[in-house]
file data_24.tsv (TSV, C-alpha atoms)
chain	number	residue	atom	x	y	z
A	1364	MET	CA	144.14	137.80	240.71
A	1365	LEU	CA	143.38	134.21	241.67
A	1366	LYS	CA	143.98	131.61	238.99
A	1367	PRO	CA	142.65	128.11	238.28
A	1368	GLY	CA	143.73	125.79	241.05
A	1369	ASP	CA	143.67	128.42	243.82
A	1370	ALA	CA	141.34	127.93	246.74
A	1371	ALA	CA	138.56	130.51	246.84
A	1372	PRO	CA	138.73	132.74	249.93
A	1373	PRO	CA	135.78	132.04	252.22
A	1374	PHE	CA	133.28	134.82	252.82
A	1375	ASP	CA	130.33	135.61	255.01
A	1376	LEU	CA	128.81	138.91	253.91
A	1377	PRO	CA	125.52	140.83	253.89
A	1378	CYS	CA	123.57	140.49	250.67
A	1379	ALA	CA	120.33	141.38	248.98
A	1380	LEU	CA	118.12	138.61	247.66
A	1381	ASP	CA	114.46	138.60	246.65
A	1382	ASP	CA	114.04	142.21	247.82
A	1383	GLN	CA	115.26	141.22	251.29
A	1384	LEU	CA	118.47	141.87	253.20
A	1385	SER	CA	120.26	138.75	254.31
A	1386	ARG	CA	123.70	137.19	254.74
A	1387	LEU	CA	125.49	134.67	252.59
A	1388	SER	CA	128.56	132.61	253.23
A	1389	LEU	CA	130.46	130.53	250.72
A	1390	ALA	CA	130.18	127.56	253.07
A	1391	ASN	CA	126.38	127.72	252.90
A	1392	ILE	CA	126.14	127.57	249.13
A	1393	ARG	CA	125.02	124.04	248.36
A	1394	SER	CA	125.26	123.92	244.59
A	1395	GLU	CA	127.98	121.97	242.85
A	1396	MET	CA	129.46	125.00	241.09
A	1397	VAL	CA	129.45	128.69	241.85
A	1398	VAL	CA	129.75	131.60	239.40
A	1399	LEU	CA	131.06	134.55	241.36
A	1400	PHE	CA	131.09	137.72	239.30
A	1401	PHE	CA	132.48	141.05	240.47
A	1402	TYR	CA	131.35	144.38	239.02
A	1403	PRO	CA	132.27	147.97	239.89
A	1404	HIS	CA	129.02	149.62	240.94
A	1405	ASP	CA	125.30	149.38	241.38
A	1406	PHE	CA	123.36	152.06	239.56
A	1407	SER	CA	125.54	152.03	236.50
A	1408	PHE	CA	124.72	152.06	232.82
A	1409	ILE	CA	127.47	149.57	232.03
A	1410	CYS	CA	126.81	146.67	234.37
A	1411	PRO	CA	123.04	146.11	234.12
A	1412	THR	CA	123.24	144.10	230.91
A	1413	GLU	CA	125.43	141.52	232.64
A	1414	VAL	CA	123.51	141.57	235.90
A	1415	VAL	CA	120.23	141.13	234.07
A	1416	GLY	CA	121.82	138.66	231.65
A	1417	PHE	CA	122.81	136.36	234.51
A	1418	HIS	CA	119.30	136.67	235.90
A	1419	LYS	CA	117.74	135.67	232.59
A	1420	ALA	CA	120.09	132.71	232.24
A	1421	GLN	CA	119.57	131.55	235.79
A	1422	ALA	CA	117.47	128.54	234.84
A	1423	ALA	CA	120.23	127.30	232.54
A	1424	PHE	CA	122.81	127.70	235.31
A	1425	LYS	CA	120.51	125.97	237.77
A	1426	ALA	CA	120.21	123.07	235.37
A	1427	GLU	CA	124.00	122.81	235.61
A	1428	GLN	CA	123.85	122.75	239.44
A	1429	THR	CA	125.43	126.19	239.49
A	1430	SER	CA	124.68	129.16	241.72
A	1431	ILE	CA	125.25	132.72	240.63
A	1432	VAL	CA	126.52	135.37	243.05
A	1433	GLY	CA	127.16	139.01	242.12
A	1434	VAL	CA	129.58	141.13	244.16
A	1435	SER	CA	130.32	144.85	244.34
A	1436	VAL	CA	131.50	147.27	247.00
A	1437	ASP	CA	127.99	148.70	247.44
A	1438	ASP	CA	126.08	148.03	250.64
A	1439	ALA	CA	123.24	145.51	250.85
A	1440	GLU	CA	120.49	148.12	250.93
A	1441	THR	CA	121.82	149.73	247.77
A	1442	HIS	CA	121.95	146.25	246.20
A	1443	ARG	CA	118.31	145.73	247.18
A	1444	ARG	CA	117.24	148.98	245.52
A	1445	TRP	CA	119.39	148.27	242.47
A	1446	ALA	CA	117.89	144.79	242.07
A	1447	ARG	CA	114.43	146.31	242.36
A	1448	GLU	CA	115.37	148.94	239.76
A	1449	LEU	CA	116.34	146.13	237.40
A	1450	GLY	CA	113.01	144.39	237.91
A	1451	GLY	CA	114.19	141.87	240.49
A	1452	LEU	CA	117.04	139.39	240.43
A	1453	GLY	CA	116.87	135.72	241.26
A	1454	TYR	CA	120.35	135.50	242.75
A	1455	PRO	CA	122.09	137.31	245.61
A	1456	LEU	CA	124.20	140.45	245.34
A	1457	LEU	CA	126.96	140.42	247.96
A	1458	ALA	CA	127.84	143.62	249.79
A	1459	ASP	CA	131.63	143.73	249.78
A	1460	GLU	CA	131.91	147.12	251.47
A	1461	GLY	CA	135.54	148.11	251.67
A	1462	GLY	CA	136.44	145.63	248.93
A	1463	LYS	CA	137.94	142.98	251.22
A	1464	LEU	CA	136.61	140.09	249.15
A	1465	ALA	CA	137.59	141.72	245.88
A	1466	ARG	CA	141.08	142.21	247.28
A	1467	ALA	CA	141.22	138.56	248.38
A	1468	PHE	CA	140.38	137.51	244.83
A	1469	GLY	CA	142.95	140.03	243.53
A	1470	VAL	CA	140.43	142.08	241.58
A	1471	LEU	CA	140.20	145.30	243.60
A	1472	ASP	CA	140.99	148.43	241.61
A	1473	ASP	CA	142.85	150.34	244.33
A	1474	SER	CA	142.71	153.67	242.52
A	1475	GLU	CA	138.90	153.67	242.41
A	1476	ASN	CA	138.35	151.32	245.35
A	1477	VAL	CA	135.93	149.22	243.32
A	1478	ALA	CA	136.04	145.71	241.94
A	1479	LEU	CA	137.15	145.03	238.40
A	1480	ARG	CA	134.74	143.22	236.10
A	1481	ALA	CA	135.96	139.75	236.92
A	1482	THR	CA	134.30	136.33	236.83
A	1483	PHE	CA	135.33	133.23	238.76
A	1484	ILE	CA	133.89	129.75	238.46
A	1485	LEU	CA	134.37	127.65	241.58
A	1486	ASP	CA	134.03	123.87	241.66
A	1487	ALA	CA	132.50	121.68	244.36
A	1488	LYS	CA	135.61	122.02	246.51
A	1489	ARG	CA	135.42	125.79	246.04
A	1490	THR	CA	138.58	125.80	244.06
A	1491	VAL	CA	138.89	128.34	241.26
A	1492	GLN	CA	138.46	126.56	237.92
A	1493	TYR	CA	138.12	129.57	235.69
A	1494	ALA	CA	139.06	133.23	236.13
A	1495	VAL	CA	138.67	136.10	233.72
A	1496	ALA	CA	138.74	139.89	234.05
A	1497	SER	CA	137.21	142.22	231.47
A	1498	PRO	CA	137.97	145.84	230.64
A	1499	ILE	CA	135.48	148.37	231.94
A	1500	ASN	CA	133.86	148.99	228.56
A	1501	VAL	CA	133.44	145.39	227.44
A	1502	GLY	CA	130.55	143.43	228.85
A	1503	ARG	CA	131.01	139.81	229.78
A	1504	SER	CA	129.33	137.05	227.87
A	1505	VAL	CA	126.84	135.23	230.06
A	1506	HIS	CA	126.60	132.61	227.34
A	1507	GLU	CA	130.37	132.06	227.46
A	1508	THR	CA	130.30	131.70	231.24
A	1509	LEU	CA	127.56	129.08	230.89
A	1510	ARG	CA	129.53	127.31	228.17
A	1511	VAL	CA	132.58	127.10	230.46
A	1512	VAL	CA	130.43	125.76	233.32
A	1513	GLN	CA	129.06	123.11	230.99
A	1514	ALA	CA	132.55	122.26	229.77
A	1515	LEU	CA	133.89	121.96	233.31
A	1516	ARG	CA	130.99	119.76	234.36
A	1517	SER	CA	131.37	117.54	231.31
A	1518	GLY	CA	134.68	116.30	232.72
A	1519	LYS	CA	135.96	115.97	229.17
A	1520	LEU	CA	138.89	117.48	227.37
A	1521	CYS	CA	137.07	120.21	225.54
A	1522	PRO	CA	138.51	121.70	222.37
A	1523	ALA	CA	138.23	125.32	221.29
A	1524	ASP	CA	134.66	126.53	220.93
A	1525	TRP	CA	133.37	123.34	222.49
A	1526	ASN	CA	129.72	123.36	223.30
A	1527	PRO	CA	127.36	120.66	224.53
A	1528	ASP	CA	125.45	120.61	221.24
A	1529	SER	CA	128.50	119.71	219.18
A	1530	ASP	CA	130.09	117.57	221.82
A	1531	ALA	CA	133.57	116.39	220.90
A	1532	ASP	CA	135.94	115.00	223.43
A	1533	THR	CA	139.16	115.05	221.50
A	1534	LEU	CA	141.36	117.86	220.36
B	463	MET	CA	107.18	183.29	232.86
B	464	ALA	CA	109.92	181.66	234.90
B	465	ALA	CA	111.24	180.00	231.74
B	466	LEU	CA	111.29	183.37	229.98
B	467	LYS	CA	113.27	184.90	232.81
B	468	THR	CA	115.76	182.03	232.69
B	469	GLU	CA	116.23	182.54	228.96
B	470	GLU	CA	116.70	186.26	229.52
B	471	LYS	CA	119.28	185.56	232.21
B	472	ARG	CA	121.11	183.15	229.93
B	473	ARG	CA	121.34	185.80	227.22
B	474	THR	CA	122.55	188.31	229.77
B	475	PHE	CA	125.29	185.91	230.80
B	476	GLU	CA	126.26	185.41	227.18
B	477	ARG	CA	126.47	189.17	226.69
B	478	LEU	CA	128.54	189.48	229.85
B	479	ALA	CA	131.03	187.08	228.29
B	480	ASN	CA	131.99	189.99	225.99
B	481	ILE	CA	133.20	191.95	229.00
B	482	ARG	CA	136.44	189.99	228.59
B	483	GLU	CA	137.06	191.63	225.18
B	484	ILE	CA	136.13	195.09	226.46
B	485	VAL	CA	138.25	194.96	229.60
B	486	PHE	CA	141.15	193.31	227.82
B	487	GLY	CA	140.99	195.81	224.92
B	488	VAL	CA	140.72	198.91	227.09
B	489	GLN	CA	143.40	197.74	229.48
B	490	ASP	CA	145.76	196.79	226.69
B	491	GLY	CA	145.11	200.04	224.78
B	492	VAL	CA	145.73	202.15	227.85
B	493	LEU	CA	148.79	200.24	229.01
B	494	THR	CA	150.41	199.85	225.60
B	495	THR	CA	149.96	203.50	224.71
B	496	ALA	CA	150.99	204.75	228.14
B	497	GLY	CA	154.03	202.48	227.93
B	498	VAL	CA	154.88	203.74	224.42
B	499	LEU	CA	154.49	207.36	225.50
B	500	ALA	CA	156.55	206.85	228.63
B	501	GLY	CA	159.25	204.90	226.80
B	502	LEU	CA	159.52	207.29	223.86
B	503	SER	CA	159.42	210.37	226.07
B	504	GLY	CA	162.49	209.04	227.78
B	505	ALA	CA	164.26	208.21	224.52
B	506	VAL	CA	163.04	210.81	221.97
B	507	GLU	CA	163.20	214.56	222.53
B	508	VAL	CA	160.87	215.65	219.68
B	509	ARG	CA	157.25	215.68	220.85
B	510	SER	CA	155.70	215.28	217.39
B	511	GLN	CA	157.73	212.11	216.83
B	512	VAL	CA	156.47	210.71	220.11
B	513	ILE	CA	152.86	211.47	219.12
B	514	LEU	CA	153.33	210.01	215.64
B	515	ALA	CA	154.85	206.84	217.04
B	516	ALA	CA	152.11	206.54	219.64
B	517	LEU	CA	149.40	207.03	216.96
B	518	ALA	CA	151.02	204.40	214.76
B	519	SER	CA	151.26	202.07	217.71
B	520	THR	CA	147.59	202.70	218.54
B	521	VAL	CA	146.32	201.98	215.03
B	522	ALA	CA	148.53	198.92	214.66
B	523	GLY	CA	147.58	197.74	218.12
B	524	ALA	CA	143.83	198.15	217.54
B	525	LEU	CA	143.99	196.33	214.20
B	526	SER	CA	146.20	193.61	215.60
B	527	MET	CA	144.10	193.10	218.71
B	528	GLY	CA	140.84	193.14	216.72
B	529	ALA	CA	142.16	190.73	214.12
B	530	GLY	CA	143.67	188.55	216.84
B	531	ALA	CA	140.41	188.40	218.77
B	532	TYR	CA	138.50	187.58	215.56
B	533	LEU	CA	140.91	184.87	214.47
B	534	GLY	CA	141.20	183.47	217.97
B	535	ALA	CA	137.43	183.29	218.47
B	536	HIS	CA	136.95	181.86	214.97
B	537	ALA	CA	139.59	179.16	215.49
B	538	GLU	CA	138.34	178.33	218.97
B	539	SER	CA	134.78	178.06	217.74
B	540	ALA	CA	135.77	175.84	214.80
B	541	VAL	CA	137.87	173.53	216.95
B	542	LEU	CA	135.21	173.29	219.67
B	543	ARG	CA	132.43	172.61	217.19
B	544	SER	CA	134.45	169.92	215.48
B	545	GLU	CA	135.36	168.32	218.82
B	546	LEU	CA	131.76	168.46	219.99
B	547	GLU	CA	130.56	166.82	216.78
B	548	ARG	CA	133.11	164.04	217.29
B	549	VAL	CA	132.04	163.56	220.92
B	550	ARG	CA	128.39	163.54	219.91
B	551	ARG	CA	129.03	160.91	217.23
B	552	GLU	CA	130.85	158.73	219.74
B	553	SER	CA	128.11	159.30	222.28
B	554	GLN	CA	125.47	158.08	219.87
B	555	GLU	CA	127.45	154.90	219.34
B	556	GLN	CA	128.27	154.37	223.04
B	557	PRO	CA	125.81	156.40	225.13
B	558	TYR	CA	126.81	154.60	228.33
B	559	VAL	CA	130.23	156.28	228.24
B	560	ILE	CA	128.58	159.69	228.53
B	561	GLN	CA	126.02	158.40	231.01
B	562	GLU	CA	128.74	157.02	233.29
B	563	SER	CA	130.79	160.22	232.97
B	564	LEU	CA	127.74	162.27	233.90
B	565	ILE	CA	127.11	160.08	236.95
B	566	GLU	CA	130.70	160.73	238.02
B	567	ALA	CA	130.41	164.47	237.38
B	568	LEU	CA	127.16	164.74	239.34
B	569	GLY	CA	128.72	162.66	242.11
B	570	LYS	CA	131.59	165.11	242.38
B	571	GLU	CA	129.03	167.89	242.73
B	572	GLY	CA	127.43	166.16	245.70
B	573	LEU	CA	124.78	163.75	244.42
B	574	ASN	CA	125.06	160.17	245.60
B	575	ARG	CA	125.46	157.53	242.91
B	576	GLU	CA	121.88	156.36	242.99
B	577	ALA	CA	120.45	159.86	242.70
B	578	ALA	CA	122.92	160.70	239.94
B	579	TYR	CA	121.95	157.50	238.10
B	580	ARG	CA	118.26	158.40	238.29
B	581	VAL	CA	118.90	161.94	237.04
B	582	VAL	CA	120.96	160.66	234.11
B	583	LYS	CA	118.40	157.98	233.36
B	584	LEU	CA	115.68	160.63	233.15
B	585	MET	CA	117.85	162.79	230.91
B	586	SER	CA	118.58	159.80	228.71
B	587	GLU	CA	114.93	159.73	227.67
B	588	SER	CA	115.86	162.62	225.39
B	589	PRO	CA	119.26	162.13	223.73
B	590	ASP	CA	119.49	165.86	222.99
B	591	VAL	CA	119.06	166.71	226.67
B	592	LEU	CA	121.67	164.11	227.55
B	593	TYR	CA	124.23	165.39	225.05
B	594	THR	CA	123.64	169.07	225.82
B	595	THR	CA	124.00	168.42	229.55
B	596	ALA	CA	127.13	166.38	228.89
B	597	GLU	CA	128.59	169.21	226.83
B	598	GLU	CA	128.02	171.63	229.69
B	599	LYS	CA	128.94	169.33	232.58
B	600	LEU	CA	131.76	167.33	231.04
B	601	TYR	CA	133.31	169.80	228.63
B	602	GLY	CA	132.23	173.10	230.19
B	603	LEU	CA	130.72	174.26	226.91
B	604	THR	CA	127.67	176.49	226.67
B	605	GLY	CA	126.22	178.79	224.03
B	606	ALA	CA	128.49	181.53	225.40
B	607	ASN	CA	131.52	179.54	224.20
B	608	PHE	CA	130.46	180.06	220.62
B	609	GLY	CA	130.53	183.84	220.52
B	610	ASN	CA	130.40	185.80	217.28
B	611	PRO	CA	134.03	186.18	216.13
B	612	MET	CA	133.20	189.37	214.18
B	613	ILE	CA	131.63	191.04	217.22
B	614	GLU	CA	134.48	189.90	219.46
B	615	GLY	CA	137.04	191.28	217.02
B	616	LEU	CA	135.23	194.62	216.67
B	617	LEU	CA	134.75	194.98	220.41
B	618	MET	CA	138.39	194.25	221.07
B	619	GLY	CA	139.64	196.69	218.40
B	620	VAL	CA	137.33	199.53	219.45
B	621	ALA	CA	138.06	198.94	223.13
B	622	PHE	CA	141.78	199.14	222.38
B	623	LEU	CA	141.29	202.42	220.48
B	624	VAL	CA	139.23	203.93	223.28
B	625	GLY	CA	141.78	202.81	225.84
B	626	ALA	CA	144.66	204.22	223.78
B	627	LEU	CA	143.02	207.65	223.65
B	628	VAL	CA	143.11	207.92	227.43
B	629	PRO	CA	146.85	208.66	227.77
B	630	LEU	CA	147.22	209.92	224.19
B	631	LEU	CA	144.72	212.80	224.24
B	632	PRO	CA	146.23	214.69	227.22
B	633	PHE	CA	149.67	214.14	225.73
B	634	MET	CA	148.54	215.66	222.41
B	635	LEU	CA	146.71	218.57	224.02
B	636	ILE	CA	149.49	219.66	226.37
B	637	ALA	CA	152.47	221.27	224.73
B	638	SER	CA	155.13	220.14	227.21
B	639	VAL	CA	156.33	216.54	226.79
B	640	HIS	CA	156.80	215.99	230.50
B	641	ALA	CA	153.56	217.71	231.54
B	642	GLY	CA	151.71	215.81	228.81
B	643	LEU	CA	153.24	212.57	229.97
B	644	ILE	CA	152.27	213.21	233.59
B	645	ALA	CA	148.72	214.14	232.52
B	646	GLY	CA	148.56	211.02	230.31
B	647	ILE	CA	149.71	208.79	233.14
B	648	ALA	CA	147.28	210.47	235.54
B	649	THR	CA	144.30	209.85	233.23
B	650	THR	CA	145.59	206.33	232.61
B	651	ALA	CA	145.68	205.70	236.32
B	652	MET	CA	142.19	207.10	236.80
B	653	VAL	CA	140.68	205.14	233.93
B	654	LEU	CA	142.35	201.88	234.92
B	655	PHE	CA	141.24	202.37	238.48
B	656	ALA	CA	137.72	203.01	237.17
B	657	VAL	CA	137.80	199.91	234.91
B	658	GLY	CA	138.96	197.73	237.78
B	659	TYR	CA	136.49	199.36	240.15
B	660	ILE	CA	133.50	198.95	237.83
B	661	PHE	CA	134.10	195.64	236.05
B	662	GLU	CA	135.98	193.62	238.63
B	663	GLY	CA	134.67	195.38	241.68
B	664	ARG	CA	131.07	196.41	241.15
B	665	PHE	CA	129.97	193.91	238.45
B	666	SER	CA	131.44	190.93	240.26
B	667	GLY	CA	129.98	192.08	243.57
B	668	GLU	CA	133.36	192.29	245.30
B	669	ARG	CA	133.02	193.62	248.80
B	670	ARG	CA	135.86	196.09	248.37
B	671	PRO	CA	135.74	197.19	244.72
B	672	ALA	CA	138.39	199.84	245.39
B	673	LEU	CA	140.90	197.02	245.79
B	674	ALA	CA	140.15	195.81	242.25
B	675	GLY	CA	140.61	199.38	241.03
B	676	LEU	CA	143.92	199.67	242.85
B	677	ARG	CA	145.11	196.41	241.29
B	678	PHE	CA	144.55	197.84	237.82
B	679	LEU	CA	146.23	201.04	238.89
B	680	ALA	CA	149.28	199.17	240.17
B	681	ILE	CA	149.60	197.31	236.86
B	682	ALA	CA	149.34	200.54	234.89
B	683	LEU	CA	151.92	202.38	236.93
B	684	GLY	CA	154.20	199.34	236.90
B	685	ALA	CA	154.06	199.09	233.10
B	686	ALA	CA	154.58	202.81	232.65
B	687	ILE	CA	157.52	202.96	235.05
B	688	ILE	CA	159.20	199.92	233.51
B	689	GLY	CA	158.65	201.35	230.01
B	690	TYR	CA	160.08	204.69	231.02
B	691	VAL	CA	163.13	203.11	232.63
B	692	ILE	CA	163.79	200.95	229.58
B	693	GLY	CA	163.45	204.07	227.41
B	694	LEU	CA	166.08	205.81	229.48
B	695	LEU	CA	168.34	202.77	229.24
B	696	ILE	CA	168.13	202.47	225.45
B	697	ALA	CA	168.30	206.23	224.81
B	698	PRO	CA	172.12	206.24	224.47
B	699	ILE	CA	171.86	203.70	221.63
B	700	GLY	CA	169.83	206.18	219.56
B	701	THR	CA	172.49	208.87	219.96
B	702	VAL	CA	175.36	206.74	218.64
B	703	PRO	CA	176.41	208.18	215.23
B	704	VAL	CA	176.04	205.72	212.34
B	705	GLY	CA	178.85	205.40	209.77
call {"tool": "encode", "arguments": {"input": "data_24.tsv", "output": "structure tokens"}}
result
Amino acid sequence: MLKPGDAAPPFDLPCALDDQLSRLSLANIRSEMVVLFFYPHDFSFICPTEVVGFHKAQAAFKAEQTSIVGVSVDDAETHRRWARELGGLGYPLLADEGGKLARAFGVLDDSENVALRATFILDAKRTVQYAVASPINVGRSVHETLRVVQALRSGKLCPADWNPDSDADTL
Amino acid sequence: MAALKTEEKRRTFERLANIREIVFGVQDGVLTTAGVLAGLSGAVEVRSQVILAALASTVAGALSMGAGAYLGAHAESAVLRSELERVRRESQEQPYVIQESLIEALGKEGLNREAAYRVVKLMSESPDVLYTTAEEKLYGLTGANFGNPMIEGLLMGVAFLVGALVPLLPFMLIASVHAGLIAGIATTAMVLFAVGYIFEGRFSGERRPALAGLRFLAIALGAAIIGYVIGLLIAPIGTVPVG
């Protein structure tokens, strides 16, 4: 699994966005930061809370100049139907068929051939600044991901449980 | 009407589950008694002693098999019910675990993930439907798994008794030990062939039911021959004077 300081592998993959099929490359993402989150499957009862959670928090991420990209091994058409099932998503779902991208990030579960539940935050140079993998039965905290983005963008030395509302720059 | 027929079919299947006790009981009664008769005929010269021993073996066997079937069914039912209650409690706390497992199970049976998801989502509208389906699909449990221990025990015991009479009656009715034994083994062979032919052959729709009958027959003859040979082998021990 990639760790902070590693360069993010480039990608150029099919995706579903706004009920359309498209392509997305890392090079074409213009935002300052990127949250790239991997999940095992579309049409699952475990993942939707996170997928929808990121959608609901999209405005907050946008305010932090951060794009959100979801990735699983499902194809783009399945992503499109899944996004529609969830009521529409405002960010792209990448089709990593075969798990090449998940493998490049070191988060491919070879036994199941699906991605682990892993989140990466990439900076402006597309270097990994934050990497975390969750067990299958524990959902990620969208709020925590946002907090880390805010902490990274603050450029400060952030103590434990730092948040922008109780900003403290010393340990 | 269709629903009624389905319910009727389900009950028929549950009743058919008792065939296991009947076939097992009859087969065991026939084989055990034929084996006892064959073994004792080789070892004991006095016919009345052979009959007495075979009768004792039959009664003990029927009681033991009946009690065993009752206790086994009772224990199985108690363990399964307790396990199901635990699973259901966990499912209520974390329904997605069962939902995901069902998606996987349906996927293995041929549905694609999306279709399986939609089916499970529909079922999830009624938790009882979800849990009952999960019990059947994930744990292979249906109403038939919770048979009546008392009925299963009685069926097993009676089936054993009936089976035991097959070789025992000819042996009791014919005065000669060897002629009685041959008659007993002949009726044993016929009945076992018939049991195999009817239950495994006809009921299961096997194309060649006679093969199922022959399988039972082979087992019966094998048990009888082995019992007889062992009887011959241990006979000298009984003739050694004590003290």
call {"tool": "closest_residue", "arguments": {"input": "data_24.tsv", "among": "A:Lys1425, A:Arg1516, A:Arg1444, A:Arg1393", "to": "chain B", "atoms": "all atoms listed in the file"}}
result
A:Arg1444
call {"tool": "closest_residue", "arguments": {"input": "data_24.tsv", "among": "A:Ile1392, A:Val1511, A:Asp1438, A:Phe1400", "to": "Val1470 of chain A", "atoms": "only C-alpha atoms"}}
result
A:Phe1400
call {"tool": "atom_distance", "arguments": {"input": "data_24.tsv", "atom1": "atom CA of Asp1375 of chain A", "atom2": "atom CA of Leu1387 of chain A"}}
result
5.5 Å
call {"tool": "interface_residues", "arguments": {"input": "data_24.tsv", "of": "chain A", "to": "chain B", "cutoff": "7 Å", "atoms": "all atoms listed in the file", "output": "ChimeraX atom specification"}}
result
/A:1406-1409
call {"tool": "residues_around", "arguments": {"input": "data_24.tsv", "residues": "Arg1386 of chain A", "least_positions_apart": "2", "cutoff": "8 Å", "atoms": "all atoms listed in the file", "output": "number ranges by chain"}}
result
A: 1375-1379, 1384, 1388
call {"tool": "atom_distance", "arguments": {"input": "data_24.tsv", "atom1": "atom CA of Phe1417 of chain A", "atom2": "atom CA of Pro1455 of chain A"}}
result
11.2 Å
call {"tool": "residues_around", "arguments": {"input": "data_24.tsv", "residues": "Asp1382 of chain A", "least_positions_apart": "2", "cutoff": "10 Å", "atoms": "all atoms listed in the file", "output": "JSON, numbers by chain"}}
result
{"A": [1379, 1380, 1384, 1385, 1440, 1442, 1443, 1444, 1445, 1446, 1447, 1451, 1452, 1453, 1455]}
call {"tool": "residues_near_point", "arguments": {"input": "data_24.tsv", "point": "(136.4, 127.5, 239.5)", "cutoff": "9 Å", "atoms": "all atoms listed in the file", "output": "PyMOL selection string"}}
result
chain A and resi 1366-1371+1396-1398+1483-1494+1512+1515
call {"tool": "closest_residue", "arguments": {"input": "data_24.tsv", "among": "B:Ser539, B:Ser519, B:Ser638, B:Thr650", "to": "Val498 of chain B", "atoms": "all atoms listed in the file"}}
result
B:Ser519
